[in-house]
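Engineer: Just passing along the structure, written as structure tokens.
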Amino acid sequence: MIPVRGIFRNASRHAEHCLSVKSRRTPAASVSTGPQQQHGTFYELRTYNIQPHLNTAFLRLTGEKIHLRTAHSELIGYWSVEYGGLNQVFHIWKYDSYAQRASVRAALAQDPNWIEQYISKAMPMLSSQDNEVTYLVPWSKIQKPPKDGGVFELASFQMKPGGPAVWGRAVQASVGTHTGSGYAHAVGVFHSEFGQLNQVHVLWWFESADQRAAIRHKSHEDARVVAAVRESAAYLVSHKNKLMFPCAFSPIK
Amino acid sequence: MIQLRALFRNASRHAEHCLSVKSRPTQPKAWISTGPQQQNGTFYEFRTYYIQPHLNAAFLKLTNEKIHLRTAHSELVGYWSVEYGGLNQVFHIWKYDSYAQRASVRAALAQDPNWIEQYISKALPMLSSQDNEVLYLVPWSKVQKPPKDGGVFELSTFQMKPGGPAVWGKAFQAAVGIHTGSRYAHAVGVFHSEFGPLNQVHVLWWYESGDERASIRRTSHEDARVVAAVRESAVYLVSQKNKLMFPCRFLTNEIKWLHALTFDLCKCRGNL
């Protein structure tokens, strides 16, 4: 006897199972750990918003006196924002540990020249200051641009929660297709530790804004770039950027 | 007789039913229900003041000297200066028994000449803005002082998906619990927003130092239980931000004179 009823029952159950798997409600977030840095090095990203009418004066004073500050700790770069922000400076400072930074700040508080010649004059020019702590992603290092003069793009990616173990590879691939094809020079790739979390910043260098535009035009027709960016965009919540000019006293310019 | 036709018909109808359930024009279903609610009126007010950069040190000094005029009126849980994730910012938590109690506190403050003259009239012009938020402690948390003085505090702010604690409460509690239970961190309190941006949960953590926190994070990220619990809770997470803050050590009236002699400022320094 053909066990028809059994076949139908199994088929029916199977269909229900498939349907119920699909309608199962709880999405599974994929979070696991990826490679972590074993040392304490971090980069502090500072943004100052300057009162508009004092922007020039602030930049001039800073150019004259920044040596009083760099005597205390390592400055990676100092930029003025030109597109995507105005009357803003953005600077990156490198520290070996939170303890080292605390001792730097304690020393600064005791430095009369720094206080009198710079801080007391510069702070009143600002409307606000902000900072963020970031780590270099494991596959990146600070790489000076091939030449001086040029423009820098700070591309900030708000990634989905889950961390580098979720989107690390896709972001690395996406950055890699840009650098590997000679489209752009990545100065560094940073991941936030304090501030807005799950943020990745890529600091790009270009010869000029027009050169960047021409390169983008070309790279958007490169299937590998398009594919890699599409992959990484799956993990992207939002994206913003700024184009910045290096200040004359910036170590990276 | 085997009623094959009927069998086929039923099976076919069943299949159609299943399929049509699938293709029914989809109305998204939000899953909201209520969870345990607190039965008392206690709430915590989070206040954030943004100070004009050049007046940060002066503000902290004045506040250090005069805060006793304020704490005479109501309970201060903590007062911090933000060091990472914000600058020229102070963050403070005040506890109230009810909205009525807070209203009477504020009425009394408005009538307090010392408070107005010695502090408010001088401090407020130093600020660019103030902000506040009202929160309840989540039912499974209470305010727990750190094991020792000093140290650093992390205010970790989670923007959760809408739906409330009944949706994410258990997963969140598990994620926090795995950190505290494994002695990775001390949770001072876990707060859920009632006024301000909603569906926000703040966890206030204590650590011995920024470096100790970094080292603990490395360890905990290799702990499978932590990873699993965080993975569960991240399902409900929209975004996250945090700040590292240094506590301001405010002085009680009794010992104020002694410290004034030694010119001991609030540990949080002006931004330099």
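Chain identifiers are assigned as A, B, and so on, following the order in which chains appear in the structure tokens; residues are numbered from 1 within each chain, and ligands are numbered from 1 in order of appearance.
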Write out as a PyMOL selection string the set of residues from range 21-161 of chain A that DSSP, computed on the backbone, places in alpha helix (DSSP H).
Structural biologist: chain A and resi 21-23+55-70+98-109+112-113+120-122
Engineer: Could you turn the residues from that selection into a file that holds C-alpha atoms, as a CSV table (one decimal), in the first residue's frame?
Structural biologist:
```csv
chain,number,residue,atom,x,y,z
A,21,VAL,CA,11.8,29.2,9.8
A,22,LYS,CA,11.3,32.2,7.5
A,23,SER,CA,8.9,33.8,9.8
A,55,ASN,CA,39.1,81.9,12.5
A,56,THR,CA,42.1,83.6,10.8
A,57,ALA,CA,43.4,84.9,14.1
A,58,PHE,CA,43.2,81.5,15.7
A,59,LEU,CA,45.1,79.8,12.8
A,60,ARG,CA,47.8,82.5,12.9
A,61,LEU,CA,48.2,82.2,16.7
A,62,THR,CA,48.3,78.4,16.6
A,63,GLY,CA,50.9,78.5,13.8
A,64,GLU,CA,53.1,80.7,16.0
A,65,LYS,CA,52.7,78.8,19.2
A,66,ILE,CA,52.0,75.1,18.5
A,67,HIS,CA,55.7,74.3,19.2
A,68,LEU,CA,55.0,74.9,22.9
A,69,ARG,CA,52.5,72.1,22.7
A,70,THR,CA,54.3,69.6,20.5
A,98,TYR,CA,46.0,56.8,29.0
A,99,ALA,CA,48.5,57.2,31.8
A,100,GLN,CA,51.0,58.9,29.4
A,101,ARG,CA,48.3,61.3,28.2
A,102,ALA,CA,47.4,62.1,31.8
A,103,SER,CA,51.0,63.0,32.6
A,104,VAL,CA,51.2,65.1,29.4
A,105,ARG,CA,48.1,67.1,30.5
A,106,ALA,CA,49.4,67.5,34.0
A,107,ALA,CA,52.7,68.9,32.6
A,108,LEU,CA,50.8,71.3,30.3
A,109,ALA,CA,48.8,72.6,33.2
A,112,PRO,CA,53.4,78.9,32.1
A,113,ASN,CA,54.4,79.6,28.5
A,120,SER,CA,44.7,82.1,27.5
A,121,LYS,CA,44.5,83.7,24.0
A,122,ALA,CA,43.3,80.9,21.9
```
Engineer: Among range 25-241 of chain A, which residues does DSSP mark as strand (DSSP E or B) when it is run on the backbone? Keep the chain and numbering as in the structure and answer as a PyMOL selection string.
Structural biologist: chain A and resi 42-50+75-83+88-95+126-136+151-159+185-196+199-206+236-241
Engineer: Give me the residues near range 80-83 of chain B as a ChimeraX atom specification, where near means some atom within 8 Å (using only C-alpha atoms) and where sequence neighbours in that chain fewer than 3 positions away do not count.
Structural biologist: /B:86-92,243-248,268
Engineer: Would you output that residue set with all heavy atoms, as a JSON list (two decimals), in the first residue's frame?
Structural biologist:
```json
[["chain", "number", "residue", "atom", "x", "y", "z"],
["B", 86, "GLY", "N", 34.15, 64.03, 24.71],
["B", 86, "GLY", "CA", 33.50, 65.31, 24.98],
["B", 86, "GLY", "C", 34.49, 66.19, 25.71],
["B", 86, "GLY", "O", 35.33, 65.68, 26.46],
["B", 87, "LEU", "N", 34.42, 67.47, 25.51],
["B", 87, "LEU", "CA", 35.33, 68.39, 26.20],
["B", 87, "LEU", "C", 34.55, 69.57, 26.77],
["B", 87, "LEU", "O", 33.49, 69.93, 26.24],
["B", 87, "LEU", "CB", 36.41, 68.90, 25.25],
["B", 87, "LEU", "CG", 37.45, 67.85, 24.85],
["B", 87, "LEU", "CD1", 38.34, 68.38, 23.74],
["B", 87, "LEU", "CD2", 38.29, 67.43, 26.04],
["B", 88, "ASN", "N", 35.08, 70.15, 27.81],
["B", 88, "ASN", "CA", 34.43, 71.29, 28.44],
["B", 88, "ASN", "C", 32.98, 70.96, 28.79],
["B", 88, "ASN", "O", 32.06, 71.73, 28.53],
["B", 88, "ASN", "CB", 34.49, 72.51, 27.52],
["B", 88, "ASN", "CG", 35.90, 72.78, 27.05],
["B", 88, "ASN", "OD1", 36.82, 72.89, 27.85],
["B", 88, "ASN", "ND2", 36.08, 72.85, 25.74],
["B", 89, "GLN", "N", 32.81, 69.79, 29.35],
["B", 89, "GLN", "CA", 31.48, 69.27, 29.67],
["B", 89, "GLN", "C", 31.51, 68.74, 31.08],
["B", 89, "GLN", "O", 32.47, 68.05, 31.47],
["B", 89, "GLN", "CB", 31.18, 68.07, 28.78],
["B", 89, "GLN", "CG", 30.28, 68.32, 27.61],
["B", 89, "GLN", "CD", 30.01, 67.01, 26.88],
["B", 89, "GLN", "OE1", 29.59, 66.03, 27.48],
["B", 89, "GLN", "NE2", 30.24, 67.01, 25.60],
["B", 90, "VAL", "N", 30.47, 69.03, 31.83],
["B", 90, "VAL", "CA", 30.30, 68.33, 33.10],
["B", 90, "VAL", "C", 29.01, 67.55, 33.02],
["B", 90, "VAL", "O", 28.07, 67.94, 32.31],
["B", 90, "VAL", "CB", 30.30, 69.26, 34.33],
["B", 90, "VAL", "CG1", 31.69, 69.84, 34.57],
["B", 90, "VAL", "CG2", 29.26, 70.37, 34.20],
["B", 91, "PHE", "N", 28.99, 66.45, 33.74],
["B", 91, "PHE", "CA", 27.83, 65.57, 33.75],
["B", 91, "PHE", "C", 27.50, 65.28, 35.21],
["B", 91, "PHE", "O", 28.39, 64.92, 35.98],
["B", 91, "PHE", "CB", 28.18, 64.27, 33.01],
["B", 91, "PHE", "CG", 27.14, 63.22, 33.12],
["B", 91, "PHE", "CD1", 25.99, 63.27, 32.35],
["B", 91, "PHE", "CD2", 27.30, 62.16, 34.01],
["B", 91, "PHE", "CE1", 25.01, 62.28, 32.46],
["B", 91, "PHE", "CE2", 26.34, 61.17, 34.12],
["B", 91, "PHE", "CZ", 25.18, 61.23, 33.35],
["B", 92, "HIS", "N", 26.25, 65.47, 35.62],
["B", 92, "HIS", "CA", 25.89, 65.22, 37.01],
["B", 92, "HIS", "C", 24.55, 64.54, 37.11],
["B", 92, "HIS", "O", 23.67, 64.73, 36.27],
["B", 92, "HIS", "CB", 25.96, 66.47, 37.90],
["B", 92, "HIS", "CG", 25.70, 67.78, 37.22],
["B", 92, "HIS", "ND1", 24.76, 68.67, 37.67],
["B", 92, "HIS", "CD2", 26.30, 68.38, 36.17],
["B", 92, "HIS", "CE1", 24.77, 69.75, 36.91],
["B", 92, "HIS", "NE2", 25.70, 69.59, 35.98],
["B", 243, "LYS", "N", 31.47, 58.05, 26.93],
["B", 243, "LYS", "CA", 32.35, 59.12, 27.39],
["B", 243, "LYS", "C", 33.13, 58.57, 28.57],
["B", 243, "LYS", "O", 32.60, 57.80, 29.37],
["B", 243, "LYS", "CB", 31.55, 60.32, 27.91],
["B", 243, "LYS", "CG", 30.64, 60.95, 26.91],
["B", 243, "LYS", "CD", 29.82, 62.10, 27.51],
["B", 243, "LYS", "CE", 28.93, 62.68, 26.42],
["B", 243, "LYS", "NZ", 28.15, 63.82, 26.90],
["B", 244, "LEU", "N", 34.38, 59.00, 28.69],
["B", 244, "LEU", "CA", 35.12, 58.68, 29.91],
["B", 244, "LEU", "C", 35.20, 59.94, 30.74],
["B", 244, "LEU", "O", 35.53, 61.01, 30.21],
["B", 244, "LEU", "CB", 36.52, 58.14, 29.58],
["B", 244, "LEU", "CG", 37.11, 57.32, 30.73],
["B", 244, "LEU", "CD1", 36.38, 55.99, 30.88],
["B", 244, "LEU", "CD2", 38.60, 57.07, 30.51],
["B", 245, "MET", "N", 34.88, 59.82, 32.02],
["B", 245, "MET", "CA", 34.75, 61.01, 32.87],
["B", 245, "MET", "C", 35.55, 60.86, 34.14],
["B", 245, "MET", "O", 35.70, 59.76, 34.68],
["B", 245, "MET", "CB", 33.28, 61.20, 33.25],
["B", 245, "MET", "CG", 32.29, 61.00, 32.10],
["B", 245, "MET", "SD", 30.58, 61.39, 32.57],
["B", 245, "MET", "CE", 30.22, 60.07, 33.71],
["B", 246, "PHE", "N", 36.05, 61.99, 34.62],
["B", 246, "PHE", "CA", 36.75, 62.01, 35.91],
["B", 246, "PHE", "C", 35.81, 62.58, 36.95],
["B", 246, "PHE", "O", 35.15, 63.59, 36.71],
["B", 246, "PHE", "CB", 38.00, 62.90, 35.83],
["B", 246, "PHE", "CG", 39.08, 62.38, 34.92],
["B", 246, "PHE", "CD1", 40.17, 63.16, 34.60],
["B", 246, "PHE", "CD2", 39.03, 61.10, 34.38],
["B", 246, "PHE", "CE1", 41.20, 62.70, 33.78],
["B", 246, "PHE", "CE2", 40.04, 60.62, 33.55],
["B", 246, "PHE", "CZ", 41.12, 61.43, 33.24],
["B", 247, "PRO", "N", 35.75, 61.97, 38.13],
["B", 247, "PRO", "CA", 34.84, 62.47, 39.15],
["B", 247, "PRO", "C", 35.36, 63.77, 39.75],
["B", 247, "PRO", "O", 36.57, 63.93, 39.94],
["B", 247, "PRO", "CB", 34.85, 61.35, 40.20],
["B", 247, "PRO", "CG", 36.17, 60.67, 40.02],
["B", 247, "PRO", "CD", 36.53, 60.81, 38.57],
["B", 248, "CYS", "N", 34.45, 64.67, 40.02],
["B", 248, "CYS", "CA", 34.81, 65.89, 40.74],
["B", 248, "CYS", "C", 34.64, 65.59, 42.22],
["B", 248, "CYS", "O", 33.61, 65.08, 42.64],
["B", 248, "CYS", "CB", 33.92, 67.05, 40.33],
["B", 248, "CYS", "SG", 34.20, 67.59, 38.64],
["B", 268, "CYS", "N", 39.32, 67.21, 38.18],
["B", 268, "CYS", "CA", 39.16, 67.43, 36.76],
["B", 268, "CYS", "C", 39.76, 68.77, 36.37],
["B", 268, "CYS", "O", 39.38, 69.80, 36.89],
["B", 268, "CYS", "CB", 37.69, 67.38, 36.38],
["B", 268, "CYS", "SG", 36.59, 67.93, 37.69]]
```
Engineer: To one decimal place in Å, what is the distance between CA of Asn56 in chain B and CA of Lys145 in chain B?
Structural biologist: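 Spanning CA of Asn56 in chain B to CA of Lys145 in chain B is a straight-line distance of 26.9 Å.
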Engineer: Pick from B:Ala174, B:Leu155, B:Leu76, B:Ile120: nearest to chain A, with only C-alpha atoms counted?
Structural biologist: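 The answer is B:Leu155, which sits nearest to chain A.
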Engineer: Between CA of Met123 in chain A and CA of Asn49 in chain A, what is the spacing in Å?
Structural biologist: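 About the pair CA of Asn49 in chain A and CA of Met123 in chain A: they are 10.5 Å apart.
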Engineer: Please report as a ChimeraX atom specification which residues of chain B come no farther than 6 Å from chain A, using only C-alpha atoms.
Structural biologist: /B:53-54,85-87,210-211,221,227,231,235,240-243
Engineer: Save the residues we just selected, N, CA, C and O atoms, as a compact mmCIF listing (two decimals), in the first residue's frame?
Structural biologist:
```
# COMPACT_ATOMS: atom_id res chain seq x y z
N PRO B 53 34.91 77.07 26.27
CA PRO B 53 36.24 76.46 26.45
C PRO B 53 37.17 77.24 27.39
O PRO B 53 37.83 76.64 28.23
N HIS B 54 37.22 78.56 27.24
CA HIS B 54 38.20 79.31 28.04
C HIS B 54 37.76 79.47 29.48
O HIS B 54 38.54 79.97 30.30
N GLY B 85 35.58 61.82 24.64
CA GLY B 85 34.25 61.71 24.09
C GLY B 85 33.45 62.98 24.32
O GLY B 85 32.23 62.99 24.14
N GLY B 86 34.15 64.03 24.71
CA GLY B 86 33.50 65.31 24.98
C GLY B 86 34.49 66.19 25.71
O GLY B 86 35.33 65.68 26.46
N LEU B 87 34.42 67.47 25.51
CA LEU B 87 35.33 68.39 26.20
C LEU B 87 34.55 69.57 26.77
O LEU B 87 33.49 69.93 26.24
N GLY B 210 41.94 54.49 32.83
CA GLY B 210 41.70 54.26 31.42
C GLY B 210 42.49 53.06 30.89
O GLY B 210 41.99 52.28 30.09
N ASP B 211 43.72 52.91 31.35
CA ASP B 211 44.53 51.78 30.89
C ASP B 211 44.02 50.46 31.44
O ASP B 211 44.03 49.44 30.75
N HIS B 221 36.99 40.49 25.76
CA HIS B 221 36.66 40.21 24.36
C HIS B 221 37.05 38.80 23.96
O HIS B 221 36.66 38.32 22.90
N VAL B 227 31.11 37.57 24.87
CA VAL B 227 30.84 37.77 23.45
C VAL B 227 29.42 37.32 23.11
O VAL B 227 28.69 38.01 22.40
N ARG B 231 26.43 39.72 21.90
CA ARG B 231 25.85 39.43 20.59
C ARG B 231 24.33 39.43 20.67
O ARG B 231 23.65 40.03 19.85
N VAL B 235 21.46 42.72 18.98
CA VAL B 235 20.33 42.56 18.07
C VAL B 235 19.37 43.74 18.19
O VAL B 235 18.76 44.18 17.22
N GLN B 240 25.49 53.32 19.61
CA GLN B 240 26.10 53.38 20.94
C GLN B 240 27.14 54.48 20.98
O GLN B 240 27.83 54.73 19.98
N LYS B 241 27.25 55.15 22.10
CA LYS B 241 28.32 56.12 22.27
C LYS B 241 28.76 56.07 23.71
O LYS B 241 28.07 55.52 24.56
N ASN B 242 29.93 56.63 23.99
CA ASN B 242 30.37 56.64 25.37
C ASN B 242 31.27 57.83 25.66
O ASN B 242 31.70 58.54 24.75
N LYS B 243 31.47 58.05 26.93
CA LYS B 243 32.35 59.12 27.39
C LYS B 243 33.13 58.57 28.57
O LYS B 243 32.60 57.80 29.37
```
Engineer: Do a neighbour search on Thr179 in chain A at 12 Å with only C-alpha atoms, toss out local chain neighbours closer than 3 positions, and write the hits as JSON, numbers by chain.
Structural biologist: {"A": [140, 143, 172, 173, 174, 175, 176, 182, 183, 184, 185, 186, 187, 188, 202, 203, 204, 205, 206, 215, 219, 225]}
Engineer: Could you list, as a ChimeraX atom specification, every residue within 6 Å of Trp206 in chain B, counting only C-alpha atoms and ignoring same-chain residues fewer than 5 positions away?
Structural biologist: /B:152-153,186
Engineer: The selected residues should be written to file as a PDB file, in the first residue's frame (atoms: all heavy atoms).
Structural biologist:
```pdb
ATOM      1  N   VAL B 152      38.075  56.130  37.134  1.00  0.00           N
ATOM      2  CA  VAL B 152      37.435  56.797  36.016  1.00  0.00           C
ATOM      3  C   VAL B 152      36.062  56.180  35.802  1.00  0.00           C
ATOM      4  O   VAL B 152      35.820  55.034  36.187  1.00  0.00           O
ATOM      5  CB  VAL B 152      38.278  56.676  34.720  1.00  0.00           C
ATOM      6  CG1 VAL B 152      39.641  57.310  34.907  1.00  0.00           C
ATOM      7  CG2 VAL B 152      38.425  55.228  34.291  1.00  0.00           C
ATOM      8  N   PHE B 153      35.175  56.949  35.198  1.00  0.00           N
ATOM      9  CA  PHE B 153      33.809  56.489  34.984  1.00  0.00           C
ATOM     10  C   PHE B 153      33.486  56.545  33.500  1.00  0.00           C
ATOM     11  O   PHE B 153      33.791  57.533  32.829  1.00  0.00           O
ATOM     12  CB  PHE B 153      32.837  57.376  35.762  1.00  0.00           C
ATOM     13  CG  PHE B 153      32.928  57.219  37.251  1.00  0.00           C
ATOM     14  CD1 PHE B 153      34.001  57.765  37.951  1.00  0.00           C
ATOM     15  CD2 PHE B 153      31.964  56.525  37.952  1.00  0.00           C
ATOM     16  CE1 PHE B 153      34.100  57.629  39.337  1.00  0.00           C
ATOM     17  CE2 PHE B 153      32.045  56.383  39.344  1.00  0.00           C
ATOM     18  CZ  PHE B 153      33.116  56.928  40.029  1.00  0.00           C
ATOM     19  N   HIS B 186      32.743  47.299  37.231  1.00  0.00           N
ATOM     20  CA  HIS B 186      31.791  47.632  38.279  1.00  0.00           C
ATOM     21  C   HIS B 186      30.726  48.535  37.670  1.00  0.00           C
ATOM     22  O   HIS B 186      31.041  49.594  37.126  1.00  0.00           O
ATOM     23  CB  HIS B 186      32.514  48.354  39.420  1.00  0.00           C
ATOM     24  CG  HIS B 186      31.585  48.840  40.486  1.00  0.00           C
ATOM     25  ND1 HIS B 186      31.301  48.118  41.622  1.00  0.00           N
ATOM     26  CD2 HIS B 186      30.841  49.981  40.570  1.00  0.00           C
ATOM     27  CE1 HIS B 186      30.438  48.792  42.371  1.00  0.00           C
ATOM     28  NE2 HIS B 186      30.148  49.914  41.756  1.00  0.00           N
TER      29      HIS B 186
END
```
Engineer: Would you mind listing what lies within 9 Å of range 195-199 of chain B as an MDAnalysis selection string, with only C-alpha atoms counted and same-chain residues fewer than 2 positions away left out?
Structural biologist: chainID B and resid 132:135 158:165 192:193 201
Engineer: Deliver the residues from the most recent selection as a file, using all heavy atoms, as a short mmCIF file (atom, residue, chain, number, x, y, z; two decimals), in the first residue's frame.
Structural biologist:
```cif
data_model
loop_
_atom_site.label_atom_id
_atom_site.label_comp_id
_atom_site.auth_asym_id
_atom_site.auth_seq_id
_atom_site.Cartn_x
_atom_site.Cartn_y
_atom_site.Cartn_z
N ASN B 132 19.22 68.31 29.90
CA ASN B 132 18.90 67.33 30.93
C ASN B 132 18.04 66.20 30.40
O ASN B 132 17.47 66.28 29.30
CB ASN B 132 18.25 67.99 32.16
CG ASN B 132 16.80 68.40 31.92
OD1 ASN B 132 16.30 68.38 30.79
ND2 ASN B 132 16.13 68.78 32.99
N GLU B 133 18.01 65.14 31.16
CA GLU B 133 17.30 63.93 30.79
C GLU B 133 16.78 63.33 32.09
O GLU B 133 17.43 63.47 33.13
CB GLU B 133 18.34 62.97 30.17
CG GLU B 133 17.85 61.99 29.16
CD GLU B 133 19.00 61.16 28.59
OE1 GLU B 133 20.05 61.74 28.24
OE2 GLU B 133 18.83 59.94 28.49
N VAL B 134 15.62 62.70 32.06
CA VAL B 134 15.10 62.03 33.26
C VAL B 134 15.15 60.54 33.02
O VAL B 134 14.80 60.06 31.92
CB VAL B 134 13.65 62.47 33.56
CG1 VAL B 134 13.03 61.58 34.63
CG2 VAL B 134 13.64 63.93 34.01
N LEU B 135 15.58 59.81 34.03
CA LEU B 135 15.71 58.37 33.88
C LEU B 135 15.22 57.64 35.11
O LEU B 135 15.21 58.17 36.21
CB LEU B 135 17.19 58.00 33.67
CG LEU B 135 17.78 58.74 32.50
CD1 LEU B 135 18.59 59.91 33.01
CD2 LEU B 135 18.61 57.84 31.64
N PHE B 158 23.35 53.57 25.14
CA PHE B 158 22.86 52.67 24.12
C PHE B 158 21.52 53.17 23.59
O PHE B 158 20.58 53.35 24.35
CB PHE B 158 22.63 51.27 24.70
CG PHE B 158 23.88 50.65 25.28
CD1 PHE B 158 24.28 50.95 26.56
CD2 PHE B 158 24.64 49.77 24.52
CE1 PHE B 158 25.43 50.39 27.09
CE2 PHE B 158 25.78 49.19 25.04
CZ PHE B 158 26.17 49.51 26.34
N GLN B 159 21.46 53.37 22.29
CA GLN B 159 20.18 53.68 21.67
C GLN B 159 19.57 52.36 21.24
O GLN B 159 20.07 51.71 20.32
CB GLN B 159 20.39 54.61 20.47
CG GLN B 159 19.11 55.00 19.77
CD GLN B 159 18.20 55.82 20.66
OE1 GLN B 159 18.60 56.87 21.17
NE2 GLN B 159 16.99 55.34 20.88
N MET B 160 18.51 51.95 21.93
CA MET B 160 17.90 50.67 21.64
C MET B 160 16.77 50.84 20.62
O MET B 160 16.23 51.94 20.44
CB MET B 160 17.32 50.05 22.92
CG MET B 160 18.29 49.98 24.07
SD MET B 160 19.82 49.09 23.66
CE MET B 160 19.20 47.40 23.53
N LYS B 161 16.41 49.75 19.99
CA LYS B 161 15.27 49.78 19.08
C LYS B 161 14.01 50.02 19.90
O LYS B 161 13.93 49.64 21.07
CB LYS B 161 15.15 48.44 18.34
CG LYS B 161 16.26 48.25 17.33
CD LYS B 161 16.15 46.91 16.60
CE LYS B 161 17.21 46.88 15.50
NZ LYS B 161 17.48 45.52 15.03
N PRO B 162 13.00 50.64 19.30
CA PRO B 162 11.75 50.86 20.04
C PRO B 162 11.14 49.54 20.50
O PRO B 162 11.35 48.51 19.86
CB PRO B 162 10.86 51.55 19.01
CG PRO B 162 11.79 52.18 18.03
CD PRO B 162 12.97 51.24 17.95
N GLY B 163 10.38 49.62 21.56
CA GLY B 163 9.74 48.41 22.08
C GLY B 163 9.87 48.32 23.58
O GLY B 163 9.05 47.69 24.24
N GLY B 164 10.90 48.95 24.10
CA GLY B 164 11.03 49.02 25.54
C GLY B 164 11.70 47.81 26.16
O GLY B 164 12.03 46.84 25.48
N PRO B 165 11.85 47.89 27.47
CA PRO B 165 12.57 46.83 28.19
C PRO B 165 11.95 45.46 28.02
O PRO B 165 12.66 44.45 28.09
CB PRO B 165 12.46 47.27 29.66
CG PRO B 165 12.25 48.74 29.61
CD PRO B 165 11.45 48.98 28.35
N HIS B 192 17.32 53.98 32.43
CA HIS B 192 16.51 53.94 31.21
C HIS B 192 15.78 55.26 31.07
O HIS B 192 15.16 55.73 32.01
CB HIS B 192 15.54 52.75 31.31
CG HIS B 192 14.59 52.64 30.17
ND1 HIS B 192 13.28 52.25 30.33
CD2 HIS B 192 14.75 52.87 28.84
CE1 HIS B 192 12.67 52.24 29.15
NE2 HIS B 192 13.54 52.60 28.24
N SER B 193 15.81 55.84 29.87
CA SER B 193 15.30 57.20 29.70
C SER B 193 13.79 57.32 29.76
O SER B 193 13.06 56.48 29.23
CB SER B 193 15.81 57.79 28.38
OG SER B 193 15.38 57.02 27.27
N VAL B 201 19.44 53.59 27.01
CA VAL B 201 19.88 53.01 28.27
C VAL B 201 21.30 53.49 28.51
O VAL B 201 22.13 53.48 27.60
CB VAL B 201 19.86 51.47 28.23
CG1 VAL B 201 20.22 50.92 29.60
CG2 VAL B 201 18.50 50.96 27.80
#
```
